[in-house]
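Below is one structure, written out as structure tokens; comments come after it.
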Amino acid sequence: MRTVIRNVTALTMDPSRPLLTGIDIAIEGATLAAVGGVPADFAPDEAIDGRELLALPAFFNAHTHAAMTLERGWAEDLAFEQWLNDKIWVAESALEEEDVYWGAALACCEMVRAGVVGFADHYFWMDQVARVVEESGMKALLAWCHFGIGTEHELGQTPFEETVAFVERWKGAAGGRVRTTMGPHSLYMDPPGVLRRIAEEAHRVGVGVHFHLAESQEQMDNSVARYGLTPVAHAAALGLLDLPEATIAAHCNVVTGDDLALLAEKGTWVAHTAKTYQKLAMAMPPIASMIAAGVNVALGTDGPASNSDLNLFEVMRAVGLYQKGVQQDPQAMPRMALLRLATEAPAAALGFTGSGVLAPGRPADVILLDTTAPHWIPRHDLAAGVVYTANSGDVAYVWCDGRLLYRRGDYLTLDVERIRWEAERRAFRMVGQPMQSMRAYQG
Ligand SMILES: [Zn+2]
């Protein structure tokens, strides 16, 4: 399949030529054949008029629990412990394997519509999520969440071997669009003996790890009291920061200066999900200090039960506004830096190297935004438009690996009507409520 986008403006995220106007972009198979300078003899199967459209690298989401779309709006205005113990785990106790398929499918519909083509997912029954990724044409790094029980050995609802078998079964599947990684829940839910085994298995299979790390002062205090180490230092001591592929440490809300030096030295990716921290009133990670210390940072949404959406426009905006406000510095988080944190950075964290930049030879993970809505006018600064005024309704076209997934309201790979119905029906069943099309505000 050959596509050409004519007369388009592109925010390429290529530092050598970040903004190109009135250019043509050529997609051939899964690859960007040309970004400007399309050869005259390039014969496309489809030509798109790119006037009034803005081309961007597609977004990637560095940390989520996609099927938690089913719990969106189920636990509101609660502190983290109540949110988790009284609401989320109660709903999840009724979770069935097929629910994960429909919850993840709903998440994929939402992400595609918001220009997100890849996500790092961490949940249960991950074969179901892998199926959705395969069918949707998206990309993902998938981890089967693993809880430990007891001090050193036996384990949660899914046997350890089964979670490892998942990693091997789907590694590199769907033409490389499905990648896998090990997925312990956290240092406080998996005992040290289990975490060491996870590091061993990651070496044997040749993958990385994705887990929650250092989310609160309480976790910091408990770790220091029990192990004499901060959570980050403990993760390093367990071998979780030295694996064949990337370590994604979600959150790192409470860290020391030494922790930042260690994360930078190890090349660990910190997934930063600012909206969740604000909504659950958690400590805000020192993202500016992390970046200044050389830590790899990438943006994510976390699960829709907390965020409450899967929209990277929203996350970029939340990070920019919060950091400028709290640092009392309008230059604290420049708009191009925010864009990079939602495109090239998470793509690299997930192992989809080459994505996140529009340049010849790169994967054709591209979106086109319609810039004709009133909130775009006048178009003085397109990067500011993307970060501070755009919304997911502006996304007009979405390609992943050169395959068109979405075109002006139409999903080309996902049956959105069926998915919406199945997901909502199952979400109400999980919490013991009758199916209704909408529920009133419950106070
Ligand atoms: Zn999470």
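Residue names in the structure tokens use chain letters A, B, ... in the order shown, residue numbers from 1 in each chain, and ligand numbers from 1 in the order shown.
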
Using only C-alpha atoms and all ligand atoms, which residues have at least one atom no more than 8 Å from ligand 1? Output them as a short mmCIF file (atom, residue, chain, number, x, y, z; two decimals) with N, CA and C atoms, in the first residue's frame.
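Result file follows (part_7.cif):
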```cif
data_model
loop_
_atom_site.label_atom_id
_atom_site.label_comp_id
_atom_site.auth_asym_id
_atom_site.auth_seq_id
_atom_site.Cartn_x
_atom_site.Cartn_y
_atom_site.Cartn_z
N HIS A 63 2.50 3.89 30.25
CA HIS A 63 2.02 3.05 31.38
C HIS A 63 0.50 3.11 31.47
N THR A 64 -0.12 1.95 31.30
CA THR A 64 -1.56 1.90 31.52
C THR A 64 -2.00 0.50 31.93
N HIS A 65 -3.27 0.41 32.26
CA HIS A 65 -3.95 -0.86 32.52
C HIS A 65 -5.21 -0.74 31.67
N HIS A 122 -0.25 -3.37 31.54
CA HIS A 122 0.15 -4.14 32.72
C HIS A 122 -1.15 -4.59 33.37
N PHE A 211 6.99 -2.31 36.10
CA PHE A 211 6.36 -2.45 37.41
C PHE A 211 6.17 -1.07 38.03
N HIS A 212 5.43 -1.05 39.15
CA HIS A 212 5.19 0.20 39.89
C HIS A 212 6.31 0.37 40.92
N ALA A 250 7.07 2.60 36.73
CA ALA A 250 5.97 3.55 36.74
C ALA A 250 6.01 4.36 38.02
N ASP A 302 -1.68 5.97 32.95
CA ASP A 302 -2.12 5.03 33.97
C ASP A 302 -3.52 4.54 33.58
N GLY A 303 -4.14 3.74 34.42
CA GLY A 303 -5.42 3.15 34.03
C GLY A 303 -6.55 4.16 34.06
#
```

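Residues of segment 57-169 of chain A carrying a DSSP assignment of strand (DSSP E), computed from the backbone, are A:Pro57, A:Phe59, A:Phe60, A:Asn61, A:Ala62, A:His63, A:Thr64, A:Val116, A:Val117, A:Gly118, A:Phe119, A:Ala120, A:Asp121, A:His122, A:Tyr123, A:Lys139, A:Ala140, A:Leu141, A:Leu142, A:Ala143, A:Trp144.
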
Compile the contact shell of Ala246 of chain A as a VMD selection string: residues with an atom at most 12 Å away, counting only C-alpha atoms, same-chain residues fewer than 4 positions apart removed.
chain A and resid 62 120 141 179 to 182 202 to 203 206 to 211 240 to 242 263 266 to 271 296 346 to 353

Just the residues within 10 Å of segment 408-424 of chain A, please, counting only C-alpha atoms, with nothing from its chain fewer than 5 positions along; format it as a ChimeraX atom specification.
/A:67,69-71,99-110,112-113,132,135-138,368-370,393-398,403,429-430,435-438

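Comparing the minimum interatomic distances between Leu142 of chain A and each of A:Ala281, A:Val167, A:Ala390, A:Leu262, counting only C-alpha atoms, we find that A:Val167 sits nearest.
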
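The shell of residues at most 9 Å from segment 216-231 of chain A, with only C-alpha atoms counted and near chain neighbours (fewer than 6 positions) removed, consists of A:Leu187, A:Tyr188, A:Ala237, A:Cys252, A:Asn253, A:Val254, A:Val255, A:Thr256, A:Asp259, A:Met282, A:Ala283.
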
Take the residues from that selection and put them in a file with all heavy atoms, as a compact mmCIF listing (two decimals), in the first residue's frame.
```txt
# COMPACT_ATOMS: atom_id res chain seq x y z
N LEU A 187 7.39 -3.70 44.30
CA LEU A 187 8.26 -4.23 45.36
C LEU A 187 7.49 -4.52 46.64
O LEU A 187 7.97 -5.26 47.50
CB LEU A 187 9.41 -3.25 45.65
CG LEU A 187 10.70 -3.49 44.87
CD1 LEU A 187 10.46 -3.49 43.38
CD2 LEU A 187 11.76 -2.46 45.22
N TYR A 188 6.32 -3.89 46.81
CA TYR A 188 5.56 -4.13 48.04
C TYR A 188 4.53 -5.24 47.88
O TYR A 188 4.01 -5.73 48.87
CB TYR A 188 4.92 -2.84 48.57
CG TYR A 188 3.98 -2.13 47.60
CD1 TYR A 188 2.62 -2.36 47.62
CD2 TYR A 188 4.48 -1.23 46.68
CE1 TYR A 188 1.76 -1.71 46.73
CE2 TYR A 188 3.64 -0.57 45.78
CZ TYR A 188 2.29 -0.83 45.82
OH TYR A 188 1.46 -0.20 44.94
N ALA A 237 19.23 -3.54 43.58
CA ALA A 237 19.88 -4.67 44.26
C ALA A 237 19.27 -6.00 43.85
O ALA A 237 19.95 -7.03 43.83
CB ALA A 237 19.75 -4.49 45.77
N CYS A 252 7.64 6.49 40.47
CA CYS A 252 8.79 7.07 41.19
C CYS A 252 8.43 8.43 41.78
O CYS A 252 9.15 9.42 41.60
CB CYS A 252 10.02 7.18 40.26
SG CYS A 252 10.62 5.58 39.72
N ASN A 253 7.31 8.45 42.51
CA ASN A 253 6.84 9.71 43.10
C ASN A 253 7.79 10.23 44.18
O ASN A 253 7.98 11.43 44.32
CB ASN A 253 5.46 9.52 43.73
CG ASN A 253 4.44 8.97 42.76
OD1 ASN A 253 4.58 7.85 42.29
ND2 ASN A 253 3.43 9.75 42.45
N VAL A 254 8.33 9.29 44.98
CA VAL A 254 9.14 9.70 46.13
C VAL A 254 10.53 9.08 45.96
O VAL A 254 10.71 7.87 46.09
CB VAL A 254 8.50 9.24 47.46
CG1 VAL A 254 9.37 9.62 48.64
CG2 VAL A 254 7.10 9.87 47.60
N VAL A 255 11.48 9.91 45.59
CA VAL A 255 12.84 9.43 45.29
C VAL A 255 13.86 10.42 45.87
O VAL A 255 13.56 11.59 46.06
CB VAL A 255 13.06 9.32 43.76
CG1 VAL A 255 12.37 8.09 43.21
CG2 VAL A 255 12.59 10.57 43.03
N THR A 256 15.06 9.91 46.11
CA THR A 256 16.15 10.75 46.62
C THR A 256 17.05 11.16 45.45
O THR A 256 16.94 10.63 44.34
CB THR A 256 17.01 9.96 47.63
OG1 THR A 256 17.65 8.88 46.91
CG2 THR A 256 16.15 9.39 48.76
N ASP A 259 18.79 8.20 44.25
CA ASP A 259 17.91 7.38 43.40
C ASP A 259 17.94 7.89 41.96
O ASP A 259 18.00 7.09 41.01
CB ASP A 259 16.46 7.45 43.89
CG ASP A 259 16.24 6.71 45.20
OD1 ASP A 259 17.08 5.85 45.55
OD2 ASP A 259 15.22 6.99 45.85
N MET A 282 -1.75 12.16 45.06
CA MET A 282 -0.48 11.51 45.39
C MET A 282 0.65 12.55 45.28
O MET A 282 0.47 13.62 44.70
CB MET A 282 -0.21 10.36 44.41
CG MET A 282 -1.24 9.23 44.52
SD MET A 282 -1.18 8.13 43.08
CE MET A 282 0.39 7.30 43.33
N ALA A 283 1.81 12.18 45.83
CA ALA A 283 2.96 13.07 45.69
C ALA A 283 3.32 13.21 44.22
O ALA A 283 3.30 12.22 43.47
CB ALA A 283 4.14 12.47 46.46
```

Have a look at A:Val90, A:Ala58, A:Val357, A:Leu243 and name the one nearest to Gly115 of chain A; count only C-alpha atoms.
A:Ala58

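Between atom CA of Glu76 of chain A and atom CA of Ala274 of chain A there is a distance of 16.7 Å.
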
Could you pull out the residues in segment 197-290 of chain A that DSSP calls alpha helix (DSSP H) from the backbone, as an MDAnalysis selection string?
chainID A and resid 197:205 217:227 231:237 257:266 274:279 287:290

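For the pair atom CA of Tyr277 of chain A and atom CA of Thr163 of chain A, the interatomic distance is 28.4 Å.
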
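Candidate residues A:Asp309, A:Asp329, A:Glu162, A:Asp401 were compared for distance to Asn61 of chain A, and the nearest is A:Asp309, using only C-alpha atoms.
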